$ cat target-v8.cif   # mmCIF, C-alpha atoms and all ligand atoms
data_model
loop_
_atom_site.group_PDB
_atom_site.id
_atom_site.type_symbol
_atom_site.label_atom_id
_atom_site.label_comp_id
_atom_site.auth_asym_id
_atom_site.auth_seq_id
_atom_site.Cartn_x
_atom_site.Cartn_y
_atom_site.Cartn_z
ATOM 1 C CA MET A 1 -24.214 -6.306 6.485
ATOM 2 C CA GLN A 2 -21.775 -5.010 3.857
ATOM 3 C CA THR A 3 -20.124 -7.267 1.288
ATOM 4 C CA ARG A 4 -16.809 -8.391 2.714
ATOM 5 C CA VAL A 5 -13.583 -7.154 1.091
ATOM 6 C CA ARG A 6 -11.948 -10.271 -0.415
ATOM 7 C CA LYS A 7 -9.746 -8.817 -3.123
ATOM 8 C CA ALA A 8 -6.827 -6.400 -3.082
ATOM 9 C CA ILE A 9 -5.023 -4.541 -5.832
ATOM 10 C CA PHE A 10 -1.320 -3.728 -5.467
ATOM 11 C CA PRO A 11 -0.348 -1.085 -8.037
ATOM 12 C CA VAL A 12 3.372 -1.562 -8.639
ATOM 13 C CA GLY A 13 3.662 -0.104 -12.129
ATOM 14 C CA GLY A 14 5.349 3.184 -11.163
ATOM 15 C CA LEU A 15 8.872 4.062 -12.280
ATOM 16 C CA GLY A 16 10.194 5.093 -8.852
ATOM 17 C CA THR A 17 12.173 8.016 -10.274
ATOM 18 C CA ARG A 18 12.655 9.543 -6.813
ATOM 19 C CA PHE A 19 14.674 6.496 -5.871
ATOM 20 C CA LEU A 20 17.158 6.331 -8.752
ATOM 21 C CA PRO A 21 19.658 4.773 -9.212
ATOM 22 C CA ALA A 22 18.364 1.948 -6.925
ATOM 23 C CA THR A 23 15.242 1.579 -9.077
ATOM 24 C CA LYS A 24 16.949 1.510 -12.480
ATOM 25 C CA ALA A 25 16.783 -2.277 -12.822
ATOM 26 C CA MET A 26 15.031 -3.207 -9.566
ATOM 27 C CA PRO A 27 11.399 -2.497 -8.691
ATOM 28 C CA LYS A 28 11.000 0.128 -5.958
ATOM 29 C CA GLU A 29 8.612 -2.246 -4.191
ATOM 30 C CA MET A 30 11.430 -4.805 -3.736
ATOM 31 C CA LEU A 31 13.524 -2.397 -1.636
ATOM 32 C CA PRO A 32 13.892 -4.049 1.772
ATOM 33 C CA VAL A 33 13.072 -2.342 5.033
ATOM 34 C CA VAL A 34 15.453 -4.194 7.382
ATOM 35 C CA ASP A 35 15.158 -7.625 5.705
ATOM 36 C CA LYS A 36 11.756 -7.672 4.015
ATOM 37 C CA PRO A 37 10.746 -6.101 0.676
ATOM 38 C CA LEU A 38 8.145 -3.336 0.857
ATOM 39 C CA ILE A 39 5.716 -5.365 -1.236
ATOM 40 C CA GLN A 40 5.825 -8.270 1.238
ATOM 41 C CA TYR A 41 4.826 -5.967 4.103
ATOM 42 C CA ALA A 42 1.837 -4.901 1.969
ATOM 43 C CA LEU A 43 0.899 -8.491 1.091
ATOM 44 C CA GLU A 44 1.092 -9.632 4.719
ATOM 45 C CA GLU A 45 -1.021 -6.640 5.775
ATOM 46 C CA ALA A 46 -3.667 -7.699 3.246
ATOM 47 C CA GLN A 47 -3.515 -11.320 4.417
ATOM 48 C CA ALA A 48 -4.001 -10.149 8.019
ATOM 49 C CA ALA A 49 -7.108 -8.240 6.909
ATOM 50 C CA GLY A 50 -8.648 -11.421 5.467
ATOM 51 C CA ILE A 51 -7.929 -10.713 1.788
ATOM 52 C CA GLU A 52 -8.148 -13.895 -0.289
ATOM 53 C CA GLU A 53 -7.199 -12.758 -3.815
ATOM 54 C CA PHE A 54 -4.223 -10.578 -4.683
ATOM 55 C CA VAL A 55 -3.911 -8.651 -7.945
ATOM 56 C CA PHE A 56 -0.598 -7.019 -8.815
ATOM 57 C CA VAL A 57 -0.545 -4.355 -11.507
ATOM 58 C CA THR A 58 3.043 -4.516 -12.691
ATOM 59 C CA GLY A 59 5.100 -3.063 -15.529
ATOM 60 C CA ARG A 60 8.314 -3.703 -17.399
ATOM 61 C CA GLY A 61 11.217 -4.732 -15.172
ATOM 62 C CA LYS A 62 9.008 -5.849 -12.282
ATOM 63 C CA GLY A 63 9.578 -9.611 -12.698
ATOM 64 C CA ALA A 64 11.339 -9.889 -9.325
ATOM 65 C CA ILE A 65 7.967 -9.293 -7.629
ATOM 66 C CA GLU A 66 6.438 -12.357 -9.341
ATOM 67 C CA ASP A 67 9.455 -14.480 -8.399
ATOM 68 C CA HIS A 68 9.259 -13.279 -4.807
ATOM 69 C CA PHE A 69 5.681 -14.545 -4.413
ATOM 70 C CA ASP A 70 6.387 -17.887 -6.103
ATOM 71 C CA ARG A 71 7.615 -21.105 -4.490
ATOM 72 C CA SER A 72 11.374 -21.586 -4.774
ATOM 73 C CA PHE A 73 11.961 -25.322 -4.829
ATOM 74 C CA GLU A 74 15.752 -25.153 -5.032
ATOM 75 C CA LEU A 75 15.966 -22.826 -2.036
ATOM 76 C CA GLU A 76 13.399 -24.867 -0.099
ATOM 77 C CA ALA A 77 15.310 -28.114 -0.780
ATOM 78 C CA THR A 78 18.605 -26.528 0.296
ATOM 79 C CA LEU A 79 17.111 -25.203 3.546
ATOM 80 C CA ARG A 80 15.668 -28.668 4.244
ATOM 81 C CA GLU A 81 19.021 -30.355 3.520
ATOM 82 C CA ARG A 82 20.799 -27.977 5.898
ATOM 83 C CA SER A 83 18.104 -28.452 8.570
ATOM 84 C CA LYS A 84 17.269 -24.745 8.503
ATOM 85 C CA LEU A 85 13.669 -25.616 9.282
ATOM 86 C CA ALA A 86 12.678 -22.371 11.009
ATOM 87 C CA GLU A 87 13.801 -20.401 7.944
ATOM 88 C CA LEU A 88 11.916 -22.823 5.686
ATOM 89 C CA GLU A 89 8.729 -22.526 7.713
ATOM 90 C CA GLU A 90 8.977 -18.728 7.664
ATOM 91 C CA LEU A 91 9.520 -18.800 3.889
ATOM 92 C CA LEU A 92 6.370 -20.866 3.324
ATOM 93 C CA ARG A 93 4.207 -18.902 5.781
ATOM 94 C CA TRP A 94 3.380 -15.941 3.588
ATOM 95 C CA VAL A 95 3.727 -17.297 0.022
ATOM 96 C CA PRO A 96 0.192 -17.002 -1.384
ATOM 97 C CA ARG A 97 -1.583 -20.239 -2.252
ATOM 98 C CA ALA A 98 -1.647 -21.292 -5.917
ATOM 99 C CA GLY A 99 -4.392 -19.581 -7.864
ATOM 100 C CA THR A 100 -4.884 -16.719 -5.406
ATOM 101 C CA VAL A 101 -2.478 -14.300 -7.142
ATOM 102 C CA ALA A 102 -2.892 -12.582 -10.507
ATOM 103 C CA TYR A 103 -0.534 -10.289 -12.368
ATOM 104 C CA THR A 104 -1.523 -7.838 -15.034
ATOM 105 C CA ARG A 105 0.653 -5.256 -16.731
ATOM 106 C CA GLN A 106 0.097 -1.559 -16.905
ATOM 107 C CA GLN A 107 1.712 -1.025 -20.273
ATOM 108 C CA GLU A 108 2.466 2.645 -19.588
ATOM 109 C CA PRO A 109 2.687 4.285 -16.140
ATOM 110 C CA MET A 110 -0.205 6.685 -16.737
ATOM 111 C CA GLY A 111 -1.028 7.161 -13.064
ATOM 112 C CA LEU A 112 -2.512 5.368 -10.063
ATOM 113 C CA GLY A 113 -6.087 5.604 -11.381
ATOM 114 C CA HIS A 114 -5.010 3.943 -14.610
ATOM 115 C CA ALA A 115 -3.158 1.201 -12.688
ATOM 116 C CA VAL A 116 -6.315 0.383 -10.684
ATOM 117 C CA TRP A 117 -8.407 0.437 -13.891
ATOM 118 C CA CYS A 118 -6.030 -2.146 -15.412
ATOM 119 C CA ALA A 119 -7.188 -4.601 -12.700
ATOM 120 C CA ARG A 120 -10.918 -4.126 -13.398
ATOM 121 C CA HIS A 121 -11.562 -7.608 -14.864
ATOM 122 C CA PHE A 122 -10.010 -9.287 -11.846
ATOM 123 C CA VAL A 123 -12.187 -7.347 -9.416
ATOM 124 C CA ASN A 124 -15.477 -7.375 -11.328
ATOM 125 C CA ASP A 125 -18.443 -6.394 -9.237
ATOM 126 C CA GLU A 126 -17.297 -6.390 -5.624
ATOM 127 C CA PRO A 127 -15.609 -3.984 -3.199
ATOM 128 C CA PHE A 128 -11.822 -4.156 -3.165
ATOM 129 C CA ALA A 129 -8.824 -2.821 -1.278
ATOM 130 C CA VAL A 130 -5.893 -0.931 -2.799
ATOM 131 C CA LEU A 131 -2.526 -0.965 -1.027
ATOM 132 C CA LEU A 132 0.444 1.177 -2.064
ATOM 133 C CA ALA A 133 3.529 -0.655 -0.879
ATOM 134 C CA ASP A 134 5.631 2.494 -0.624
ATOM 135 C CA ASP A 135 3.360 3.750 2.151
ATOM 136 C CA LEU A 136 4.629 1.549 4.979
ATOM 137 C CA ILE A 137 2.790 1.637 8.303
ATOM 138 C CA LEU A 138 4.150 0.591 11.686
ATOM 139 C CA SER A 139 1.156 -0.132 13.916
ATOM 140 C CA LYS A 140 -0.159 -2.459 16.604
ATOM 141 C CA GLN A 141 -2.948 -3.707 14.338
ATOM 142 C CA PRO A 142 -2.331 -3.772 10.552
ATOM 143 C CA CYS A 143 -3.819 -0.628 8.979
ATOM 144 C CA LEU A 144 -6.035 -2.425 6.452
ATOM 145 C CA LYS A 145 -7.432 -4.639 9.219
ATOM 146 C CA GLN A 146 -8.377 -1.510 11.193
ATOM 147 C CA MET A 147 -10.153 -0.272 8.072
ATOM 148 C CA THR A 148 -11.977 -3.509 7.162
ATOM 149 C CA GLU A 149 -13.348 -3.670 10.718
ATOM 150 C CA ALA A 150 -14.724 -0.134 10.431
ATOM 151 C CA TYR A 151 -15.938 -0.893 6.895
ATOM 152 C CA GLY A 152 -17.981 -3.809 8.274
ATOM 153 C CA ARG A 153 -20.017 -1.179 10.154
ATOM 154 C CA VAL A 154 -20.322 1.619 7.584
ATOM 155 C CA GLY A 155 -19.625 0.194 4.091
ATOM 156 C CA GLY A 156 -19.106 2.442 1.074
ATOM 157 C CA ASN A 157 -15.738 3.946 0.200
ATOM 158 C CA MET A 158 -13.004 4.417 2.756
ATOM 159 C CA VAL A 159 -9.540 5.999 2.543
ATOM 160 C CA ALA A 160 -6.794 5.985 5.180
ATOM 161 C CA VAL A 161 -6.036 9.545 6.286
ATOM 162 C CA MET A 162 -3.503 11.411 8.403
ATOM 163 C CA ASP A 163 -2.765 15.017 9.257
ATOM 164 C CA VAL A 164 0.126 16.554 7.321
ATOM 165 C CA ALA A 165 1.918 19.894 7.506
ATOM 166 C CA ARG A 166 0.059 22.512 5.439
ATOM 167 C CA GLU A 167 3.116 23.120 3.240
ATOM 168 C CA HIS A 168 2.941 19.430 2.180
ATOM 169 C CA THR A 169 -0.680 19.346 0.949
ATOM 170 C CA LYS A 170 0.511 19.458 -2.670
ATOM 171 C CA ARG A 171 1.889 15.910 -2.308
ATOM 172 C CA TYR A 172 -1.466 14.324 -1.366
ATOM 173 C CA GLY A 173 -5.195 14.012 -1.971
ATOM 174 C CA ILE A 174 -6.769 16.282 0.668
ATOM 175 C CA LEU A 175 -10.208 15.868 2.260
ATOM 176 C CA SER A 176 -12.914 18.394 2.785
ATOM 177 C CA VAL A 177 -14.197 17.197 6.132
ATOM 178 C CA GLY A 178 -17.729 16.650 7.468
ATOM 179 C CA LYS A 179 -18.838 14.980 10.707
ATOM 180 C CA GLU A 180 -16.323 13.017 12.780
ATOM 181 C CA ASN A 181 -17.112 9.838 14.695
ATOM 182 C CA GLY A 182 -14.091 8.342 16.472
ATOM 183 C CA PRO A 183 -11.531 7.490 13.775
ATOM 184 C CA LEU A 184 -14.125 7.922 11.006
ATOM 185 C CA VAL A 185 -14.327 11.235 9.178
ATOM 186 C CA GLU A 186 -17.141 11.948 6.750
ATOM 187 C CA VAL A 187 -15.766 12.920 3.330
ATOM 188 C CA LYS A 188 -17.504 15.987 1.896
ATOM 189 C CA GLY A 189 -14.982 16.634 -0.847
ATOM 190 C CA LEU A 190 -11.603 15.570 -2.115
ATOM 191 C CA VAL A 191 -8.964 17.473 -4.042
ATOM 192 C CA GLU A 192 -5.749 16.038 -5.482
ATOM 193 C CA LYS A 193 -2.481 17.805 -4.678
ATOM 194 C CA PRO A 194 -3.826 21.276 -3.768
ATOM 195 C CA LYS A 195 -1.474 24.187 -3.057
ATOM 196 C CA PRO A 196 -1.315 24.910 0.708
ATOM 197 C CA GLU A 197 -3.439 28.059 0.383
ATOM 198 C CA ALA A 198 -6.128 26.173 -1.587
ATOM 199 C CA ALA A 199 -6.241 23.021 0.585
ATOM 200 C CA PRO A 200 -9.651 22.521 2.280
ATOM 201 C CA SER A 201 -7.942 20.873 5.295
ATOM 202 C CA THR A 202 -4.649 19.207 6.157
ATOM 203 C CA LEU A 203 -6.158 15.720 6.279
ATOM 204 C CA ALA A 204 -4.329 13.711 3.611
ATOM 205 C CA VAL A 205 -5.168 10.422 1.897
ATOM 206 C CA ILE A 206 -2.411 7.827 2.135
ATOM 207 C CA GLY A 207 -2.041 4.540 0.296
ATOM 208 C CA ARG A 208 -4.809 2.352 1.731
ATOM 209 C CA TYR A 209 -8.273 2.367 0.163
ATOM 210 C CA ILE A 210 -11.483 0.345 0.242
ATOM 211 C CA ILE A 211 -13.409 1.103 -2.933
ATOM 212 C CA GLN A 212 -16.743 0.098 -4.426
ATOM 213 C CA PRO A 213 -16.667 -1.299 -7.986
ATOM 214 C CA GLN A 214 -18.733 1.627 -9.336
ATOM 215 C CA VAL A 215 -15.410 3.490 -9.489
ATOM 216 C CA PHE A 216 -14.561 1.661 -12.728
ATOM 217 C CA ALA A 217 -17.340 3.508 -14.586
ATOM 218 C CA HIS A 218 -15.548 6.760 -13.688
ATOM 219 C CA LEU A 219 -12.047 5.417 -14.362
ATOM 220 C CA ASP A 220 -13.297 4.305 -17.829
ATOM 221 C CA LYS A 221 -13.327 7.983 -18.821
ATOM 222 C CA LYS A 222 -9.531 8.134 -18.352
ATOM 223 C CA ALA A 223 -9.652 11.813 -17.375
ATOM 224 C CA ILE A 224 -6.206 13.356 -16.991
ATOM 225 C CA GLY A 225 -5.709 15.074 -13.636
ATOM 226 C CA ALA A 226 -2.968 16.623 -11.482
ATOM 227 C CA GLY A 227 0.574 16.061 -12.797
ATOM 228 C CA GLY A 228 -0.787 14.929 -16.209
ATOM 229 C CA GLU A 229 -1.701 11.532 -14.694
ATOM 230 C CA ILE A 230 -4.961 9.590 -14.378
ATOM 231 C CA GLN A 231 -5.589 10.072 -10.661
ATOM 232 C CA LEU A 232 -7.561 7.594 -8.540
ATOM 233 C CA THR A 233 -8.989 10.366 -6.369
ATOM 234 C CA ASP A 234 -10.573 12.076 -9.405
ATOM 235 C CA SER A 235 -12.749 8.981 -9.927
ATOM 236 C CA LEU A 236 -13.664 8.796 -6.242
ATOM 237 C CA ILE A 237 -14.967 12.384 -6.189
ATOM 238 C CA PRO A 238 -18.184 11.671 -8.168
ATOM 239 C CA MET A 239 -19.046 8.945 -5.619
ATOM 240 C CA ILE A 240 -19.164 11.436 -2.711
ATOM 241 C CA GLY A 241 -22.797 11.780 -1.624
ATOM 242 C CA GLN A 242 -23.799 8.666 -3.624
ATOM 243 C CA MET A 243 -22.808 6.228 -0.851
ATOM 244 C CA PRO A 244 -21.117 6.344 2.556
ATOM 245 C CA PHE A 245 -17.601 7.764 2.137
ATOM 246 C CA HIS A 246 -15.189 7.998 5.058
ATOM 247 C CA GLY A 247 -11.633 8.919 5.877
ATOM 248 C CA TYR A 248 -10.173 6.602 8.515
ATOM 249 C CA ARG A 249 -7.637 8.031 10.966
ATOM 250 C CA PHE A 250 -5.573 4.880 11.447
ATOM 251 C CA GLU A 251 -3.498 4.080 14.511
ATOM 252 C CA GLY A 252 0.178 3.845 13.565
ATOM 253 C CA GLN A 253 3.081 5.660 11.992
ATOM 254 C CA ARG A 254 3.301 5.936 8.219
ATOM 255 C CA PHE A 255 6.560 6.193 6.291
ATOM 256 C CA ASP A 256 6.838 7.396 2.693
ATOM 257 C CA CYS A 257 9.247 4.790 1.400
ATOM 258 C CA GLY A 258 9.118 6.203 -2.138
ATOM 259 C CA ASP A 259 11.255 9.013 -0.735
ATOM 260 C CA LYS A 260 14.876 8.403 0.310
ATOM 261 C CA VAL A 261 14.639 10.098 3.713
ATOM 262 C CA GLY A 262 11.284 8.451 4.479
ATOM 263 C CA PHE A 263 12.744 5.082 3.527
ATOM 264 C CA PHE A 264 15.755 5.626 5.781
ATOM 265 C CA GLU A 265 13.500 6.610 8.689
ATOM 266 C CA ALA A 266 11.378 3.475 8.133
ATOM 267 C CA ASN A 267 14.494 1.317 8.374
ATOM 268 C CA VAL A 268 15.461 2.929 11.674
ATOM 269 C CA ALA A 269 11.932 2.660 13.120
ATOM 270 C CA PHE A 270 11.370 -0.964 12.028
ATOM 271 C CA ALA A 271 14.844 -2.025 13.203
ATOM 272 C CA LEU A 272 14.282 -0.365 16.608
ATOM 273 C CA ALA A 273 10.933 -2.189 16.918
ATOM 274 C CA ARG A 274 12.550 -5.595 16.310
ATOM 275 C CA PRO A 275 13.283 -7.553 19.492
ATOM 276 C CA ASP A 276 16.211 -9.389 17.828
ATOM 277 C CA MET A 277 18.118 -6.241 16.836
ATOM 278 C CA GLY A 278 16.389 -3.233 18.442
ATOM 279 C CA PRO A 279 18.745 -2.813 21.448
ATOM 280 C CA GLU A 280 21.883 -2.975 19.268
ATOM 281 C CA VAL A 281 20.452 -0.578 16.675
ATOM 282 C CA ARG A 282 19.465 1.837 19.452
ATOM 283 C CA ARG A 283 23.072 1.920 20.683
ATOM 284 C CA ILE A 284 24.341 2.584 17.155
ATOM 285 C CA VAL A 285 21.809 5.356 16.485
ATOM 286 C CA GLN A 286 22.581 7.011 19.831
ATOM 287 C CA ASN A 287 26.311 6.946 19.045
ATOM 288 C CA TYR A 288 25.773 8.654 15.692
ATOM 289 C CA ALA A 289 23.408 11.203 17.235
ATOM 290 C CA LYS A 290 26.158 12.222 19.698
ATOM 291 C CA GLY A 291 28.631 12.924 16.880
HETATM 292 P P1 LIG A 301 4.240 7.297 -6.951
HETATM 293 O O1 LIG A 301 3.490 8.552 -6.964
HETATM 294 O O2 LIG A 301 5.168 7.071 -5.813
HETATM 295 O O3 LIG A 301 4.999 7.193 -8.338
HETATM 296 O O4 LIG A 301 3.212 6.116 -7.047
HETATM 297 P P2 LIG A 301 6.210 6.303 -8.788
HETATM 298 O O5 LIG A 301 6.293 6.375 -10.265
HETATM 299 O O6 LIG A 301 6.130 4.915 -8.221
HETATM 300 O O7 LIG A 301 7.487 6.971 -8.114
HETATM 301 P P3 LIG A 301 8.259 8.344 -8.429
HETATM 302 O O8 LIG A 301 7.343 9.450 -7.997
HETATM 303 O O9 LIG A 301 8.607 8.361 -9.885
HETATM 304 O O10 LIG A 301 9.490 8.238 -7.588
HETATM 305 C C1 LIG A 301 2.464 5.641 -5.944
HETATM 306 C C2 LIG A 301 2.119 4.191 -6.170
HETATM 307 O O11 LIG A 301 1.349 4.025 -7.352
HETATM 308 C C3 LIG A 301 1.971 3.118 -8.253
HETATM 309 C C4 LIG A 301 3.428 3.070 -7.832
HETATM 310 O O12 LIG A 301 4.038 1.847 -8.206
HETATM 311 C C5 LIG A 301 3.350 3.298 -6.341
HETATM 312 O O13 LIG A 301 3.065 2.074 -5.655
HETATM 313 N N1 LIG A 301 1.779 3.593 -9.629
HETATM 314 C C6 LIG A 301 1.976 4.906 -9.916
HETATM 315 C C7 LIG A 301 1.427 2.699 -10.610
HETATM 316 O O14 LIG A 301 1.244 1.488 -10.358
HETATM 317 N N2 LIG A 301 1.259 3.163 -11.871
HETATM 318 C C8 LIG A 301 1.442 4.472 -12.202
HETATM 319 O O15 LIG A 301 1.260 4.818 -13.382
HETATM 320 C C9 LIG A 301 1.817 5.353 -11.189
#
$ encode --input "target-v8.cif" --output "C-alpha cells" --more "lines below"
Ligand code: UTP
Amino acid sequence: MQTRVRKAIFPVGGLGTRFLPATKAMPKEMLPVVDKPLIQYALEEAQAAGIEEFVFVTGRGKGAIEDHFDRSFELEATLRERSKLAELEELLRWVPRAGTVAYTRQQEPMGLGHAVWCARHFVNDEPFAVLLADDLILSKQPCLKQMTEAYGRVGGNMVAVMDVAREHTKRYGILSVGKENGPLVEVKGLVEKPKPEAAPSTLAVIGRYIIQPQVFAHLDKKAIGAGGEIQLTDSLIPMIGQMPFHGYRFEGQRFDCGDKVGFFEANVAFALARPDMGPEVRRIVQNYAKG
C-alpha cells in the first residue's frame, strides 16, 4: 500500500501577464468562472480527493487569496441577521479548518519548480499533490480524485496528461510514452516546451501532479530551464526509471484559464453545466451564434 496523499501545494506566485490588465492588482487565481474564483475550484477539488493540508505559495499582491480562505465574521453575522441561511451554510462548507492552511511567499516568480521548492518545509518527507488553479477541469469525478485512486494502485509520480495539437507542444511538458494500461501511461521521458518537430509525442502534462518528496533534492539545484525559469518537469526527469512514473489520461475537459480565450470558454462551459442558469445561457449563446 502506498503512502496516502494528504498534502497539496497550490503555486499562486505567478504574475499572470497574459491576463493584464485584470491581473494588475488582483491575483489571476481570484478571477471567477461564473461565480467562483479559480483557486476555490482547485481547493474544493483537493478536498474531494481527501487532501487534509493545503499549502499556498503566494507572492506580492496575492493577499485576497488568504482573505478568501479565512472566516468572515461580519459577512457571516449579516447573512444570519438577514436569514440567508443557505448562503451562510454554503460559505462555511468549503472554508478550510483552522490550522490546515499554510501560506508561504515565493519572493520572486522564478518558475513553477521554484514555487514548489518554496513549500518544501511544509511537505517534508511525504508524497504531495500540486494543483495549478488556472488549469480548470470540468469532469464527472474531480481530476485529482481520479488520480489519487489510480495512485493508490501504482504509487510513484503521476502527472495528468491530455493530447494536444502538435503545433501547441511548445506550451507544455511533453511525454515520451511507454506501455499504456487503461488511463495510465508509462512515462519514459519528459521534455519541457519542445518545438513541434522535436516533440516525442503530443501527450502534454497539465496542472495536476502527485510527486514523491525526493523531487526536492533535484529542485535544490535550482537549474534554469526553458524560458529562463526553474521548471518543475526538469526535476521530475531524473526520477524516471527510479520509481513508478505515470501519465494519467483524466476524464474531463480542461480549460486554460491563464489565457483569455480559454477563460472565456470555461465560463461558457461551466455556466451551461449549471442547472440554475444553463438553459438561459444556452439561449443567449445560441442567439449570439446566429448573428
Ligand atoms: P504560468 O505559466 O501560467 O505563469 O504559471 P504566470 O506567471 O502565472 O502567467 P503568465 O504566463 O505571466 O500570464 C502556471 C502556474 O504556476 C504558478 C502560477 O501562479 C500558475 O498557477 N507560478 C508560475 C508560480 O507560482 N510561480 C512562478 O514563478 C511561476
$ residues_near_ligand --input "target-v8.cif" --ligand "ligand LIG 301 (chain A)" --cutoff "9 Å" --atoms "only C-alpha atoms and all ligand atoms" --output "ChimeraX atom specification"
/A:10-20,23,27-29,56-59,106,108-116,131-135,171,207,229-231,256-259
$ write_last_selection --input "target-v8.cif" --atoms "C-alpha atoms" --output "PDB file, in the frame of the given file"
ATOM      1  CA  PHE A  10      -1.320  -3.728  -5.467  1.00  0.00           C
ATOM      2  CA  PRO A  11      -0.348  -1.085  -8.037  1.00  0.00           C
ATOM      3  CA  VAL A  12       3.372  -1.562  -8.639  1.00  0.00           C
ATOM      4  CA  GLY A  13       3.662  -0.104 -12.129  1.00  0.00           C
ATOM      5  CA  GLY A  14       5.349   3.184 -11.163  1.00  0.00           C
ATOM      6  CA  LEU A  15       8.872   4.062 -12.280  1.00  0.00           C
ATOM      7  CA  GLY A  16      10.194   5.093  -8.852  1.00  0.00           C
ATOM      8  CA  THR A  17      12.173   8.016 -10.274  1.00  0.00           C
ATOM      9  CA  ARG A  18      12.655   9.543  -6.813  1.00  0.00           C
ATOM     10  CA  PHE A  19      14.674   6.496  -5.871  1.00  0.00           C
ATOM     11  CA  LEU A  20      17.158   6.331  -8.752  1.00  0.00           C
ATOM     12  CA  THR A  23      15.242   1.579  -9.077  1.00  0.00           C
ATOM     13  CA  PRO A  27      11.399  -2.497  -8.691  1.00  0.00           C
ATOM     14  CA  LYS A  28      11.000   0.128  -5.958  1.00  0.00           C
ATOM     15  CA  GLU A  29       8.612  -2.246  -4.191  1.00  0.00           C
ATOM     16  CA  PHE A  56      -0.598  -7.019  -8.815  1.00  0.00           C
ATOM     17  CA  VAL A  57      -0.545  -4.355 -11.507  1.00  0.00           C
ATOM     18  CA  THR A  58       3.043  -4.516 -12.691  1.00  0.00           C
ATOM     19  CA  GLY A  59       5.100  -3.063 -15.529  1.00  0.00           C
ATOM     20  CA  GLN A 106       0.097  -1.559 -16.905  1.00  0.00           C
ATOM     21  CA  GLU A 108       2.466   2.645 -19.588  1.00  0.00           C
ATOM     22  CA  PRO A 109       2.687   4.285 -16.140  1.00  0.00           C
ATOM     23  CA  MET A 110      -0.205   6.685 -16.737  1.00  0.00           C
ATOM     24  CA  GLY A 111      -1.028   7.161 -13.064  1.00  0.00           C
ATOM     25  CA  LEU A 112      -2.512   5.368 -10.063  1.00  0.00           C
ATOM     26  CA  GLY A 113      -6.087   5.604 -11.381  1.00  0.00           C
ATOM     27  CA  HIS A 114      -5.010   3.943 -14.610  1.00  0.00           C
ATOM     28  CA  ALA A 115      -3.158   1.201 -12.688  1.00  0.00           C
ATOM     29  CA  VAL A 116      -6.315   0.383 -10.684  1.00  0.00           C
ATOM     30  CA  LEU A 131      -2.526  -0.965  -1.027  1.00  0.00           C
ATOM     31  CA  LEU A 132       0.444   1.177  -2.064  1.00  0.00           C
ATOM     32  CA  ALA A 133       3.529  -0.655  -0.879  1.00  0.00           C
ATOM     33  CA  ASP A 134       5.631   2.494  -0.624  1.00  0.00           C
ATOM     34  CA  ASP A 135       3.360   3.750   2.151  1.00  0.00           C
ATOM     35  CA  ARG A 171       1.889  15.910  -2.308  1.00  0.00           C
ATOM     36  CA  GLY A 207      -2.041   4.540   0.296  1.00  0.00           C
ATOM     37  CA  GLU A 229      -1.701  11.532 -14.694  1.00  0.00           C
ATOM     38  CA  ILE A 230      -4.961   9.590 -14.378  1.00  0.00           C
ATOM     39  CA  GLN A 231      -5.589  10.072 -10.661  1.00  0.00           C
ATOM     40  CA  ASP A 256       6.838   7.396   2.693  1.00  0.00           C
ATOM     41  CA  CYS A 257       9.247   4.790   1.400  1.00  0.00           C
ATOM     42  CA  GLY A 258       9.118   6.203  -2.138  1.00  0.00           C
ATOM     43  CA  ASP A 259      11.255   9.013  -0.735  1.00  0.00           C
TER      44      ASP A 259
END
$ residues_around --input "target-v8.cif" --residues "Ala199 (chain A)" --least-positions-apart "4" --cutoff "7 Å" --atoms "only C-alpha atoms" --output "list of chain:residue names"
A:Thr169, A:Ile174, A:Pro194, A:Lys195
$ resolve_selection --input "target-v8.cif" --expression "the PyMOL selection byres (((chain A and resi 232-241) around 9) and not hetatm)" --output "VMD selection string"
chain A and resid 111 to 117 157 173 187 to 192 211 214 to 219 221 223 to 225 230 to 231 242 to 245
$ resolve_selection --input "target-v8.cif" --expression "the PyMOL selection byres (((chain A and resi 254) around 10) and not hetatm)" --output "list of chain:residue names"
A:Asp134, A:Asp135, A:Leu136, A:Ile137, A:Leu138, A:Ser139, A:Cys143, A:Met162, A:Ile206, A:Gly207, A:Phe250, A:Glu251, A:Gly252, A:Gln253, A:Phe255, A:Asp256, A:Cys257, A:Gly262, A:Ala266
$ residues_around --input "target-v8.cif" --residues "Ile51 (chain A)" --least-positions-apart "2" --cutoff "10 Å" --atoms "only C-alpha atoms" --output "list of chain:residue names"
A:Arg4, A:Val5, A:Arg6, A:Lys7, A:Ala8, A:Leu43, A:Glu44, A:Glu45, A:Ala46, A:Gln47, A:Ala48, A:Ala49, A:Glu53, A:Phe54, A:Thr100, A:Phe128, A:Ala129, A:Leu144, A:Lys145, A:Thr148
$ closest_residue --input "target-v8.cif" --among "A:Pro142, A:Arg166, A:Gly228, A:Asp276" --to "Gly50 (chain A)" --atoms "only C-alpha atoms"
A:Pro142
$ axis_aligned_box --input "target-v8.cif" --around "region 219-223 of chain A" --padding-each-side "4 Å" --output "AutoDock Vina command-line options"
--center_x -11.4 --center_y 8.1 --center_z -16.6 --size_x 11.8 --size_y 15.5 --size_z 12.5
$ resolve_selection --input "target-v8.cif" --expression "the PyMOL selection byres (((chain A and resi 163) around 8) and not hetatm)" --output "PDB file with C-alpha atoms, in the frame of the given file"
ATOM      1  CA  VAL A 161      -6.036   9.545   6.286  1.00  0.00           C
ATOM      2  CA  MET A 162      -3.503  11.411   8.403  1.00  0.00           C
ATOM      3  CA  VAL A 164       0.126  16.554   7.321  1.00  0.00           C
ATOM      4  CA  ALA A 165       1.918  19.894   7.506  1.00  0.00           C
ATOM      5  CA  THR A 202      -4.649  19.207   6.157  1.00  0.00           C
ATOM      6  CA  LEU A 203      -6.158  15.720   6.279  1.00  0.00           C
ATOM      7  CA  ALA A 204      -4.329  13.711   3.611  1.00  0.00           C
TER       8      ALA A 204
END
$ residues_near_point --input "target-v8.cif" --point "(-0.9, -18.7, -1.7)" --cutoff "10 Å" --atoms "all atoms listed in the file" --output "VMD selection string"
chain A and resid 47 52 to 54 69 to 71 92 to 101
$ closest_residue --input "target-v8.cif" --among "A:Pro37, A:Lys193, A:Glu90, A:Gly63" --to "Ala226 (chain A)" --atoms "only C-alpha atoms"
A:Lys193
$ residues_near_point --input "target-v8.cif" --point "(13.8, -7.5, 5.9)" --cutoff "12 Å" --atoms "all atoms listed in the file" --output "list in words"
Met30, Leu31, Pro32, Val33, Val34, Asp35, Lys36, Pro37, Leu38, Ile39, Gln40, Tyr41, Ala266, Asn267, Phe270, Ala271, Arg274 and Met277 of chain A
